[in-house]
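Colleague: mmCIF, C-alpha atoms, saved as final.cif, coming up:
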```
data_coords
#
loop_
_atom_site.group_PDB
_atom_site.id
_atom_site.type_symbol
_atom_site.label_atom_id
_atom_site.label_comp_id
_atom_site.auth_asym_id
_atom_site.auth_seq_id
_atom_site.Cartn_x
_atom_site.Cartn_y
_atom_site.Cartn_z
ATOM 1 C CA MET A 1056 69.222 117.536 -13.000
ATOM 2 C CA GLY A 1057 65.894 116.360 -11.698
ATOM 3 C CA MET A 1058 65.553 115.306 -8.096
ATOM 4 C CA VAL A 1059 63.913 112.130 -6.860
ATOM 5 C CA TYR A 1060 60.935 112.497 -4.533
ATOM 6 C CA GLU A 1061 60.322 109.542 -2.268
ATOM 7 C CA SER A 1062 57.472 109.028 0.180
ATOM 8 C CA ASN A 1063 57.442 106.143 2.595
ATOM 9 C CA LEU A 1064 53.864 105.830 3.768
ATOM 10 C CA GLU A 1065 54.798 103.354 6.483
ATOM 11 C CA THR A 1066 57.289 105.623 8.181
ATOM 12 C CA GLY A 1067 55.923 108.963 7.003
ATOM 13 C CA GLU A 1068 59.340 109.889 5.589
ATOM 14 C CA HIS A 1069 59.434 112.425 2.755
ATOM 15 C CA ILE A 1070 62.785 112.446 1.002
ATOM 16 C CA VAL A 1071 64.138 114.586 -1.824
ATOM 17 C CA ARG A 1072 67.471 113.358 -3.185
ATOM 18 C CA GLU A 1073 69.662 113.495 -6.259
ATOM 19 C CA MET A 1074 69.539 110.698 -8.806
ATOM 20 C CA THR A 1075 72.035 107.899 -8.516
ATOM 21 C CA PRO A 1076 74.389 107.475 -11.517
ATOM 22 C CA GLU A 1077 72.284 104.515 -12.669
ATOM 23 C CA GLU A 1078 69.043 106.486 -12.410
ATOM 24 C CA LEU A 1079 70.623 109.407 -14.260
ATOM 25 C CA ALA A 1080 71.795 107.137 -17.098
ATOM 26 C CA THR A 1081 68.305 105.649 -17.444
ATOM 27 C CA HIS A 1082 66.725 109.092 -17.322
ATOM 28 C CA GLU A 1083 68.960 110.459 -20.073
ATOM 29 C CA ALA A 1084 68.494 107.403 -22.263
ATOM 30 C CA ARG A 1085 64.740 107.943 -22.141
ATOM 31 C CA GLN A 1086 64.987 111.494 -23.440
ATOM 32 C CA ALA A 1087 66.005 110.733 -27.007
ATOM 33 C CA GLU A 1088 63.466 107.947 -27.266
ATOM 34 C CA ALA A 1089 60.621 110.107 -25.937
ATOM 35 C CA ILE A 1090 61.416 113.081 -28.125
ATOM 36 C CA ALA A 1091 61.540 110.840 -31.208
ATOM 37 C CA ALA A 1092 58.146 109.389 -30.263
ATOM 38 C CA ASP A 1093 56.749 112.886 -29.788
ATOM 39 C CA LEU A 1094 57.921 113.937 -33.223
ATOM 40 C CA ALA A 1095 56.481 110.810 -34.805
ATOM 41 C CA ARG A 1096 53.128 111.463 -33.164
ATOM 42 C CA HIS A 1097 53.074 115.001 -34.490
ATOM 43 C CA GLU A 1098 53.919 113.899 -37.956
ATOM 44 C CA ARG A 1099 51.060 111.402 -37.793
ATOM 45 C CA LEU A 1100 48.607 114.016 -36.520
ATOM 46 C CA GLU A 1101 49.703 116.539 -39.114
ATOM 47 C CA ALA A 1102 49.346 113.944 -41.879
ATOM 48 C CA GLN A 1103 45.809 113.162 -40.714
ATOM 49 C CA ALA A 1104 44.943 116.857 -40.606
ATOM 50 C CA ARG A 1105 46.343 117.389 -44.105
ATOM 51 C CA ALA A 1106 44.328 114.451 -45.432
ATOM 52 C CA ARG A 1107 41.133 115.934 -44.010
ATOM 53 C CA THR A 1108 41.885 119.337 -45.488
ATOM 54 C CA ASP A 1109 42.550 117.796 -48.894
ATOM 55 C CA LEU A 1110 39.383 115.726 -48.686
ATOM 56 C CA ALA A 1111 37.277 118.750 -47.722
ATOM 57 C CA ALA A 1112 38.702 120.742 -50.636
ATOM 58 C CA HIS A 1113 38.036 117.892 -53.027
ATOM 59 C CA ALA A 1114 34.457 117.477 -51.779
ATOM 60 C CA ALA A 1115 33.780 121.212 -52.092
ATOM 61 C CA ALA A 1116 35.111 121.324 -55.620
ATOM 62 C CA ASN A 1117 33.408 118.091 -56.690
ATOM 63 C CA PRO A 1118 30.178 117.815 -54.712
ATOM 64 C CA GLY A 1119 28.755 115.041 -56.894
ATOM 65 C CA ASP A 1120 31.874 112.939 -56.796
ATOM 66 C CA PRO A 1121 31.409 109.469 -55.162
ATOM 67 C CA VAL A 1122 34.352 110.140 -52.854
ATOM 68 C CA ALA A 1123 32.746 113.397 -51.712
ATOM 69 C CA THR A 1124 29.429 111.619 -51.175
ATOM 70 C CA LEU A 1125 31.098 108.912 -49.114
ATOM 71 C CA ALA A 1126 33.099 111.447 -47.118
ATOM 72 C CA ARG A 1127 29.921 113.343 -46.275
ATOM 73 C CA ALA A 1128 28.127 110.122 -45.321
ATOM 74 C CA LEU A 1129 30.968 109.233 -42.959
ATOM 75 C CA GLY A 1130 30.980 112.703 -41.471
ATOM 76 C CA LEU A 1131 34.536 113.362 -42.575
ATOM 77 C CA VAL A 1132 33.717 116.645 -44.279
ATOM 78 C CA MET B 1289 25.610 98.057 23.953
ATOM 79 C CA THR B 1290 26.507 95.600 21.209
ATOM 80 C CA PHE B 1291 24.207 94.149 18.615
ATOM 81 C CA THR B 1292 24.415 92.779 15.131
ATOM 82 C CA GLU B 1293 21.860 92.383 12.407
ATOM 83 C CA THR B 1294 21.806 91.154 8.841
ATOM 84 C CA ARG B 1295 21.162 93.923 6.388
ATOM 85 C CA ILE B 1296 21.510 93.159 2.699
ATOM 86 C CA ASP B 1297 23.964 90.405 3.650
ATOM 87 C CA LYS B 1298 26.125 92.851 5.554
ATOM 88 C CA ILE B 1299 26.590 92.844 9.281
ATOM 89 C CA LEU B 1300 26.335 96.138 11.041
ATOM 90 C CA GLY B 1301 27.899 96.232 14.464
ATOM 91 C CA VAL B 1302 27.832 98.940 17.056
ATOM 92 C CA GLY B 1303 29.918 99.082 20.198
ATOM 93 C CA SER B 1304 32.070 101.188 22.409
ATOM 94 C CA GLY B 1305 35.649 100.774 21.236
ATOM 95 C CA THR B 1306 36.863 97.906 19.095
ATOM 96 C CA GLY B 1307 37.271 95.272 21.804
ATOM 97 C CA SER B 1308 34.059 93.515 20.936
ATOM 98 C CA ARG B 1309 34.391 94.047 17.197
ATOM 99 C CA PRO B 1310 34.463 90.711 15.346
ATOM 100 C CA ALA B 1311 37.542 89.711 13.381
ATOM 101 C CA ALA B 1312 37.692 91.052 9.825
ATOM 102 C CA GLY B 1313 36.684 88.640 7.116
ATOM 103 C CA ASN B 1314 33.152 89.660 6.256
ATOM 104 C CA PRO B 1315 33.635 92.101 3.354
ATOM 105 C CA GLY B 1316 31.236 95.000 3.431
ATOM 106 C CA ALA B 1317 30.497 94.841 7.143
ATOM 107 C CA ARG B 1318 30.465 98.093 9.091
ATOM 108 C CA TRP B 1319 31.400 98.715 12.686
ATOM 109 C CA ILE B 1320 30.299 101.871 14.439
ATOM 110 C CA ASP B 1321 32.414 102.801 17.427
ATOM 111 C CA THR B 1322 30.281 104.908 19.722
ATOM 112 C CA ALA B 1323 33.279 105.868 21.841
ATOM 113 C CA GLY B 1324 35.026 107.577 18.913
ATOM 114 C CA PRO B 1325 32.644 108.088 17.389
ATOM 115 C CA SER B 1326 33.943 106.541 14.172
ATOM 116 C CA GLU B 1327 32.982 104.004 11.573
ATOM 117 C CA THR B 1328 35.115 101.273 10.072
ATOM 118 C CA TYR B 1329 34.632 99.019 7.088
ATOM 119 C CA ASP B 1330 35.684 95.381 6.661
ATOM 120 C CA ASN B 1331 37.511 95.010 3.348
ATOM 121 C CA GLY B 1332 37.758 91.270 3.754
ATOM 122 C CA SER B 1333 41.071 91.179 5.544
ATOM 123 C CA SER B 1334 41.142 94.198 7.849
ATOM 124 C CA TRP B 1335 39.051 97.011 9.267
ATOM 125 C CA VAL B 1336 39.475 100.315 7.429
ATOM 126 C CA SER B 1337 38.437 103.716 8.699
ATOM 127 C CA LEU B 1338 35.669 105.380 6.741
ATOM 128 C CA GLY B 1339 36.616 108.782 8.102
ATOM 129 C CA GLY B 1340 34.505 111.226 10.023
ATOM 130 C CA GLY B 1341 32.160 114.043 9.231
ATOM 131 C CA GLY B 1342 29.652 112.110 7.225
ATOM 132 C CA GLY B 1343 32.013 109.348 6.246
ATOM 133 C CA GLY B 1344 34.035 109.020 3.102
ATOM 134 C CA ALA B 1345 35.089 106.062 1.019
ATOM 135 C CA VAL B 1346 38.266 107.763 -0.190
ATOM 136 C CA THR B 1347 41.245 108.534 2.035
ATOM 137 C CA LYS B 1348 44.090 110.839 1.102
ATOM 138 C CA LEU B 1349 47.235 108.805 1.774
ATOM 139 C CA ASP B 1350 49.965 111.179 0.679
ATOM 140 C CA GLU B 1351 50.763 114.150 -1.508
ATOM 141 C CA ARG B 1352 53.952 115.527 -2.973
ATOM 142 C CA ILE B 1353 54.250 118.999 -4.473
ATOM 143 C CA ILE B 1354 57.467 119.662 -6.323
ATOM 144 C CA SER B 1355 59.311 122.675 -4.975
ATOM 145 C CA GLY B 1356 62.760 124.162 -5.276
ATOM 146 C CA SER B 1357 63.943 122.260 -8.332
ATOM 147 C CA VAL B 1358 62.424 119.912 -10.893
ATOM 148 C CA ALA B 1359 61.800 116.241 -10.112
ATOM 149 C CA ALA B 1360 62.754 113.268 -12.244
ATOM 150 C CA SER B 1361 60.320 111.008 -10.413
ATOM 151 C CA ILE B 1362 57.935 110.638 -7.503
ATOM 152 C CA ASN B 1363 57.929 107.332 -5.654
ATOM 153 C CA PHE B 1364 55.216 106.326 -3.196
ATOM 154 C CA THR B 1365 56.396 103.369 -1.095
ATOM 155 C CA GLY B 1366 55.118 101.498 1.922
ATOM 156 C CA ILE B 1367 51.553 101.614 0.587
ATOM 157 C CA SER B 1368 49.087 99.911 2.903
ATOM 158 C CA GLY B 1369 46.988 97.076 1.519
ATOM 159 C CA SER B 1370 43.915 98.243 3.389
ATOM 160 C CA TYR B 1371 41.982 99.603 0.424
ATOM 161 C CA ARG B 1372 40.279 98.154 -2.624
ATOM 162 C CA ASN B 1373 41.674 100.569 -5.224
ATOM 163 C CA LEU B 1374 44.398 103.180 -5.334
ATOM 164 C CA VAL B 1375 43.794 106.458 -7.120
ATOM 165 C CA ILE B 1376 46.488 108.855 -8.266
ATOM 166 C CA THR B 1377 45.674 112.405 -9.232
ATOM 167 C CA LEU B 1378 48.381 114.492 -10.791
ATOM 168 C CA THR B 1379 48.572 118.066 -11.966
ATOM 169 C CA GLY B 1380 51.852 118.597 -13.675
ATOM 170 C CA LYS B 1381 54.033 119.612 -16.529
ATOM 171 C CA THR B 1382 57.371 118.486 -17.907
ATOM 172 C CA ASP B 1383 60.319 120.804 -18.426
ATOM 173 C CA ALA B 1384 61.131 119.084 -21.728
ATOM 174 C CA ALA B 1385 60.742 121.027 -24.957
ATOM 175 C CA VAL B 1386 58.099 118.674 -26.282
ATOM 176 C CA SER B 1387 54.425 119.243 -26.917
ATOM 177 C CA THR B 1388 53.288 116.603 -24.445
ATOM 178 C CA THR B 1389 54.756 113.626 -22.709
ATOM 179 C CA SER B 1390 53.276 110.597 -21.049
ATOM 180 C CA VAL B 1391 53.497 109.938 -17.323
ATOM 181 C CA ARG B 1392 54.672 106.400 -16.715
ATOM 182 C CA TRP B 1393 54.441 104.113 -13.714
ATOM 183 C CA GLN B 1394 56.312 101.141 -12.345
ATOM 184 C CA ALA B 1395 55.159 99.014 -9.420
ATOM 185 C CA ASN B 1396 57.267 97.737 -6.532
ATOM 186 C CA GLY B 1397 60.503 98.821 -8.192
ATOM 187 C CA ASP B 1398 59.985 96.354 -11.035
ATOM 188 C CA THR B 1399 61.860 97.666 -14.087
ATOM 189 C CA THR B 1400 61.517 94.534 -16.195
ATOM 190 C CA SER B 1401 59.512 94.505 -19.422
ATOM 191 C CA ILE B 1402 56.353 92.923 -18.090
ATOM 192 C CA TYR B 1403 54.047 95.906 -18.528
ATOM 193 C CA ASP B 1404 51.534 96.667 -21.257
ATOM 194 C CA LEU B 1405 49.794 99.911 -22.092
ATOM 195 C CA SER B 1406 47.321 101.478 -24.477
ATOM 196 C CA GLU B 1407 45.998 104.955 -25.083
ATOM 197 C CA ILE B 1408 43.400 106.787 -27.105
ATOM 198 C CA TYR B 1409 43.109 110.535 -27.350
ATOM 199 C CA ILE B 1410 41.680 113.368 -29.350
ATOM 200 C CA SER B 1411 43.838 116.276 -30.337
ATOM 201 C CA GLY B 1412 42.375 119.386 -31.873
ATOM 202 C CA ALA B 1413 38.879 119.465 -33.241
ATOM 203 C CA SER B 1414 38.468 116.155 -34.971
ATOM 204 C CA THR B 1415 41.501 113.905 -34.889
ATOM 205 C CA ILE B 1416 41.257 110.772 -32.790
ATOM 206 C CA THR B 1417 44.266 108.567 -32.504
ATOM 207 C CA GLY B 1418 45.837 106.082 -30.159
ATOM 208 C CA GLY B 1419 48.436 103.446 -29.667
ATOM 209 C CA ALA B 1420 49.525 100.488 -27.621
ATOM 210 C CA ALA B 1421 52.690 98.760 -26.484
ATOM 211 C CA ALA B 1422 53.214 95.307 -25.045
ATOM 212 C CA ALA B 1423 55.992 93.943 -22.895
ATOM 213 C CA VAL B 1424 57.525 97.301 -22.048
ATOM 214 C CA ASP B 1425 59.108 98.420 -18.783
ATOM 215 C CA HIS B 1426 56.290 100.733 -17.667
ATOM 216 C CA GLY B 1427 52.579 101.408 -17.573
ATOM 217 C CA GLU B 1428 51.056 104.774 -18.342
ATOM 218 C CA ILE B 1429 48.537 106.974 -16.533
ATOM 219 C CA GLY B 1430 48.162 109.897 -18.954
ATOM 220 C CA TYR B 1431 49.822 112.855 -20.618
ATOM 221 C CA ILE B 1432 51.023 116.213 -19.372
ATOM 222 C CA ALA B 1433 52.074 119.286 -21.307
ATOM 223 C CA GLY B 1434 55.623 120.136 -22.261
ATOM 224 C CA THR B 1435 57.044 123.573 -22.914
ATOM 225 C CA SER B 1436 56.834 123.672 -26.717
ATOM 226 C CA PHE B 1437 53.496 125.377 -27.142
ATOM 227 C CA ASP B 1438 52.248 126.572 -23.790
ATOM 228 C CA THR B 1439 54.104 127.644 -20.695
ATOM 229 C CA ALA B 1440 51.095 128.553 -18.558
ATOM 230 C CA SER B 1441 49.112 125.312 -18.620
ATOM 231 C CA ALA B 1442 49.802 121.888 -17.171
ATOM 232 C CA GLY B 1443 48.058 118.567 -17.512
ATOM 233 C CA GLY B 1444 45.584 116.851 -15.244
ATOM 234 C CA ILE B 1445 45.432 113.094 -14.707
ATOM 235 C CA ARG B 1446 43.281 110.799 -12.622
ATOM 236 C CA ALA B 1447 44.168 107.102 -12.641
ATOM 237 C CA THR B 1448 42.793 104.139 -10.745
ATOM 238 C CA PHE B 1449 44.821 101.047 -9.854
ATOM 239 C CA PHE B 1450 42.253 98.315 -9.456
ATOM 240 C CA ASP B 1451 42.240 95.757 -6.655
ATOM 241 C CA TYR B 1452 45.909 96.486 -6.088
ATOM 242 C CA ALA B 1453 46.381 94.570 -2.827
ATOM 243 C CA ARG B 1454 44.872 91.174 -3.487
ATOM 244 C CA THR B 1455 47.013 88.582 -5.255
ATOM 245 C CA GLN B 1456 44.135 87.101 -7.245
ATOM 246 C CA TRP B 1457 44.981 88.690 -10.596
ATOM 247 C CA ARG B 1458 47.568 90.740 -12.382
ATOM 248 C CA LYS B 1459 47.320 94.471 -11.823
ATOM 249 C CA SER B 1460 45.859 97.073 -14.143
ATOM 250 C CA SER B 1461 45.262 100.811 -14.198
ATOM 251 C CA ALA B 1462 42.932 103.107 -16.113
ATOM 252 C CA GLY B 1463 43.552 106.807 -16.500
ATOM 253 C CA LEU B 1464 41.753 109.890 -17.720
ATOM 254 C CA PHE B 1465 43.786 112.907 -18.723
ATOM 255 C CA THR B 1466 43.616 116.330 -20.298
ATOM 256 C CA CYS B 1467 46.292 118.826 -21.276
ATOM 257 C CA VAL B 1468 47.126 121.483 -23.805
ATOM 258 C CA GLY B 1469 49.731 121.178 -26.466
ATOM 259 C CA GLY B 1470 49.020 118.200 -28.731
ATOM 260 C CA SER B 1471 50.177 120.711 -31.328
ATOM 261 C CA ALA B 1472 50.146 124.477 -31.465
ATOM 262 C CA GLY B 1473 46.810 125.799 -30.284
ATOM 263 C CA THR B 1474 45.211 122.428 -29.678
ATOM 264 C CA PHE B 1475 43.883 120.640 -26.651
ATOM 265 C CA LEU B 1476 44.413 117.006 -25.799
ATOM 266 C CA HIS B 1477 42.064 114.680 -23.961
ATOM 267 C CA GLY B 1478 42.152 110.930 -23.629
ATOM 268 C CA ASN B 1479 42.285 107.679 -21.753
ATOM 269 C CA THR B 1480 45.097 105.324 -20.938
ATOM 270 C CA ALA B 1481 45.393 101.796 -19.651
ATOM 271 C CA GLY B 1482 48.315 100.102 -17.963
ATOM 272 C CA HIS B 1483 48.916 96.511 -17.022
ATOM 273 C CA TRP B 1484 51.546 94.864 -14.842
ATOM 274 C CA ARG B 1485 51.922 91.132 -15.433
ATOM 275 C CA SER B 1486 52.317 90.377 -11.767
ATOM 276 C CA THR B 1487 49.831 89.210 -9.179
ATOM 277 C CA ALA B 1488 51.881 90.682 -6.339
ATOM 278 C CA ALA B 1489 50.215 93.256 -4.127
ATOM 279 C CA ILE B 1490 51.291 96.748 -5.118
ATOM 280 C CA THR B 1491 53.167 98.389 -2.257
ATOM 281 C CA ALA B 1492 55.014 101.065 -4.227
ATOM 282 C CA ILE B 1493 54.271 103.172 -7.303
ATOM 283 C CA LEU B 1494 56.939 105.152 -9.132
ATOM 284 C CA LEU B 1495 55.750 107.994 -11.389
ATOM 285 C CA TYR B 1496 57.952 109.732 -13.935
ATOM 286 C CA PRO B 1497 57.536 111.707 -17.141
ATOM 287 C CA ALA B 1498 58.662 109.876 -20.268
ATOM 288 C CA SER B 1499 60.518 112.999 -21.256
ATOM 289 C CA GLY B 1500 62.075 115.565 -18.941
ATOM 290 C CA ASN B 1501 61.237 116.254 -15.313
ATOM 291 C CA PHE B 1502 58.168 117.333 -13.365
ATOM 292 C CA VAL B 1503 58.376 121.113 -13.069
ATOM 293 C CA VAL B 1504 58.113 122.990 -9.775
ATOM 294 C CA GLY B 1505 54.476 123.160 -8.699
ATOM 295 C CA SER B 1506 53.574 119.730 -10.060
ATOM 296 C CA CYS B 1507 51.429 117.889 -7.558
ATOM 297 C CA ALA B 1508 50.867 114.139 -7.160
ATOM 298 C CA THR B 1509 48.347 112.807 -4.667
ATOM 299 C CA LEU B 1510 47.752 109.189 -3.672
ATOM 300 C CA TRP B 1511 44.296 108.157 -2.500
ATOM 301 C CA GLY B 1512 42.940 104.943 -1.053
ATOM 302 C CA GLU B 1513 39.479 103.928 -2.198
ATOM 303 C CA VAL B 1514 37.486 101.529 -0.021
#
```
Here is the file; what I need is its structure written in the form of structure tokens.
Modeller:
Amino acid sequence: MGMVYESNLETGEHIVREMTPEELATHEARQAEAIAADLARHERLEAQARARTDLAAHAAANPGDPVATLARALGLV
Amino acid sequence: MTFTETRIDKILGVGSGTGSRPAAGNPGARWIDTAGPSETYDNGSSWVSLGGGGGGAVTKLDERIISGSVAASINFTGISGSYRNLVITLTGKTDAAVSTTSVRWQANGDTTSIYDLSEIYISGASTITGGAAAAVDHGEIGYIAGTSFDTASAGGIRATFFDYARTQWRKSSAGLFTCVGGSAGTFLHGNTAGHWRSTAAITAILLYPASGNFVVGSCATLWGEV
């Protein structure tokens, strides 16, 4: 379980304590949400990378194709 | 000896001690204390030390380095209103088995959904992406690495909280970050923005990773910028 670090700049107190039950519940609830968001981001990045790879392959195989011309003009390949 | 003069609309005062120093309220004015010697700066409401040894506009207010066991959060409280901006620098990593995770902030213990955030980052050689969220319960200062792809590298973040003490406007932050692990073998770099829909002066900032805990060795430093 993660500890809670607290600094009171007025008093100079530095405290390290365990999470309260409420803090622990909030902390654990965040985990599933954050991991799902992380996976979604990866899927999005991987999809973008795949699209670029496909586009580059298409442009190499069909250099005169309008899509290839546009992709080159936009700097995508 | 005490004298004042107008210099680019700023009053420079020199004296021994602060007894003859005028009341604060002339932003930008400087007072040189020959007894110290030291120099102070009028931020409009109080006199703030500029530090010694050539002067400095940034003061280190506090620093926490995680040791012993991981930390779910770091909370700076009792923050003085004597500065114009607050800056947080953070070198850290989460213990969660994710590629990266964002580092979130909440001000003054406010956990209600009155924050907004946005982010843009590049991952790998050519992929730029981003996102935004409105009316959530946190702002965001940047991303740090998780344990999925790299165990030796952390993330680095520098974020500024603008004009945090005055009650003129709602509060916002802007962050710059870099870390490994957007995906296997890639490197992540980007910017974040956070917004708290409150005009209250910020007196406390809570930092926590969206996923997991700050690992041992993570370091958060709070700076005051004149």
Colleague: Check what the PyMOL selection byres ((chain A and resi 1078) around 12) selects in the file above and give those residues as a PyMOL selection string.
Modeller: (chain A and resi 1056-1059+1072-1077+1079-1085) or (chain B and resi 1360-1361+1399+1496)
Colleague: On this structure, the PyMOL selection byres ((chain B and resi 1354) around 6) would catch which residues? List them as a VMD selection string, sorted by chain and number.
Modeller: chain B and resid 1353 1355 1504 to 1506
Colleague: Counting all atoms listed in the file, which residue out of B:Ala1384, B:Ile1320, B:Val1346, B:Leu1405 sits closest to A:Ala1089?
Modeller: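 Between B:Ala1384, B:Ile1320, B:Val1346, B:Leu1405, the residue approaching A:Ala1089 most closely is B:Ala1384.
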Colleague: Any chance you could resolve the PyMOL selection byres ((chain B) within 8 of (chain A)) against this file and give the residues as number ranges by chain?
Modeller: B: 1349-1350, 1352, 1357-1368, 1386-1389, 1415, 1470-1471, 1498-1502
Colleague: Between atom CA of B:Val1503 and atom CA of B:Lys1381, what distance in Å does the model show, to one decimal?
Modeller: 5.8 Å
Colleague: Need to verify the contact set: B:Gly1443, 12 Å, all atoms listed in the file, exclusion of same-chain residues closer than 3 positions in sequence. Can you return it as a tab-separated table (two decimals) with C-alpha atoms, in the frame of the given file?
Modeller:
```tsv
chain	number	residue	atom	x	y	z
B	1377	THR	CA	45.67	112.40	-9.23
B	1378	LEU	CA	48.38	114.49	-10.79
B	1379	THR	CA	48.57	118.07	-11.97
B	1380	GLY	CA	51.85	118.60	-13.68
B	1381	LYS	CA	54.03	119.61	-16.53
B	1382	THR	CA	57.37	118.49	-17.91
B	1387	SER	CA	54.42	119.24	-26.92
B	1388	THR	CA	53.29	116.60	-24.44
B	1389	THR	CA	54.76	113.63	-22.71
B	1390	SER	CA	53.28	110.60	-21.05
B	1391	VAL	CA	53.50	109.94	-17.32
B	1429	ILE	CA	48.54	106.97	-16.53
B	1430	GLY	CA	48.16	109.90	-18.95
B	1431	TYR	CA	49.82	112.86	-20.62
B	1432	ILE	CA	51.02	116.21	-19.37
B	1433	ALA	CA	52.07	119.29	-21.31
B	1434	GLY	CA	55.62	120.14	-22.26
B	1435	THR	CA	57.04	123.57	-22.91
B	1438	ASP	CA	52.25	126.57	-23.79
B	1439	THR	CA	54.10	127.64	-20.70
B	1440	ALA	CA	51.10	128.55	-18.56
B	1446	ARG	CA	43.28	110.80	-12.62
B	1464	LEU	CA	41.75	109.89	-17.72
B	1465	PHE	CA	43.79	112.91	-18.72
B	1466	THR	CA	43.62	116.33	-20.30
B	1467	CYS	CA	46.29	118.83	-21.28
B	1468	VAL	CA	47.13	121.48	-23.80
B	1469	GLY	CA	49.73	121.18	-26.47
B	1470	GLY	CA	49.02	118.20	-28.73
B	1475	PHE	CA	43.88	120.64	-26.65
B	1476	LEU	CA	44.41	117.01	-25.80
B	1477	HIS	CA	42.06	114.68	-23.96
B	1478	GLY	CA	42.15	110.93	-23.63
B	1497	PRO	CA	57.54	111.71	-17.14
B	1502	PHE	CA	58.17	117.33	-13.36
B	1503	VAL	CA	58.38	121.11	-13.07
B	1505	GLY	CA	54.48	123.16	-8.70
B	1506	SER	CA	53.57	119.73	-10.06
B	1507	CYS	CA	51.43	117.89	-7.56
B	1508	ALA	CA	50.87	114.14	-7.16
```
Colleague: Would you mind listing what lies within 9 Å of B:Ala1395 as a PyMOL selection string, with all atoms listed in the file counted and same-chain residues fewer than 6 positions away left out?
Modeller: chain B and resi 1426-1427+1484+1490-1494
Colleague: Edge lengths and centre, in Å to one decimal, as AutoDock Vina command-line options: that's what I need for the box along x, y and z that holds all listed atoms of stretch 1070-1079 of chain A plus 3 Å on each side.
Modeller:
```
--center_x 68.6 --center_y 109.6 --center_z -6.6 --size_x 17.6 --size_y 16.1 --size_z 21.3
```
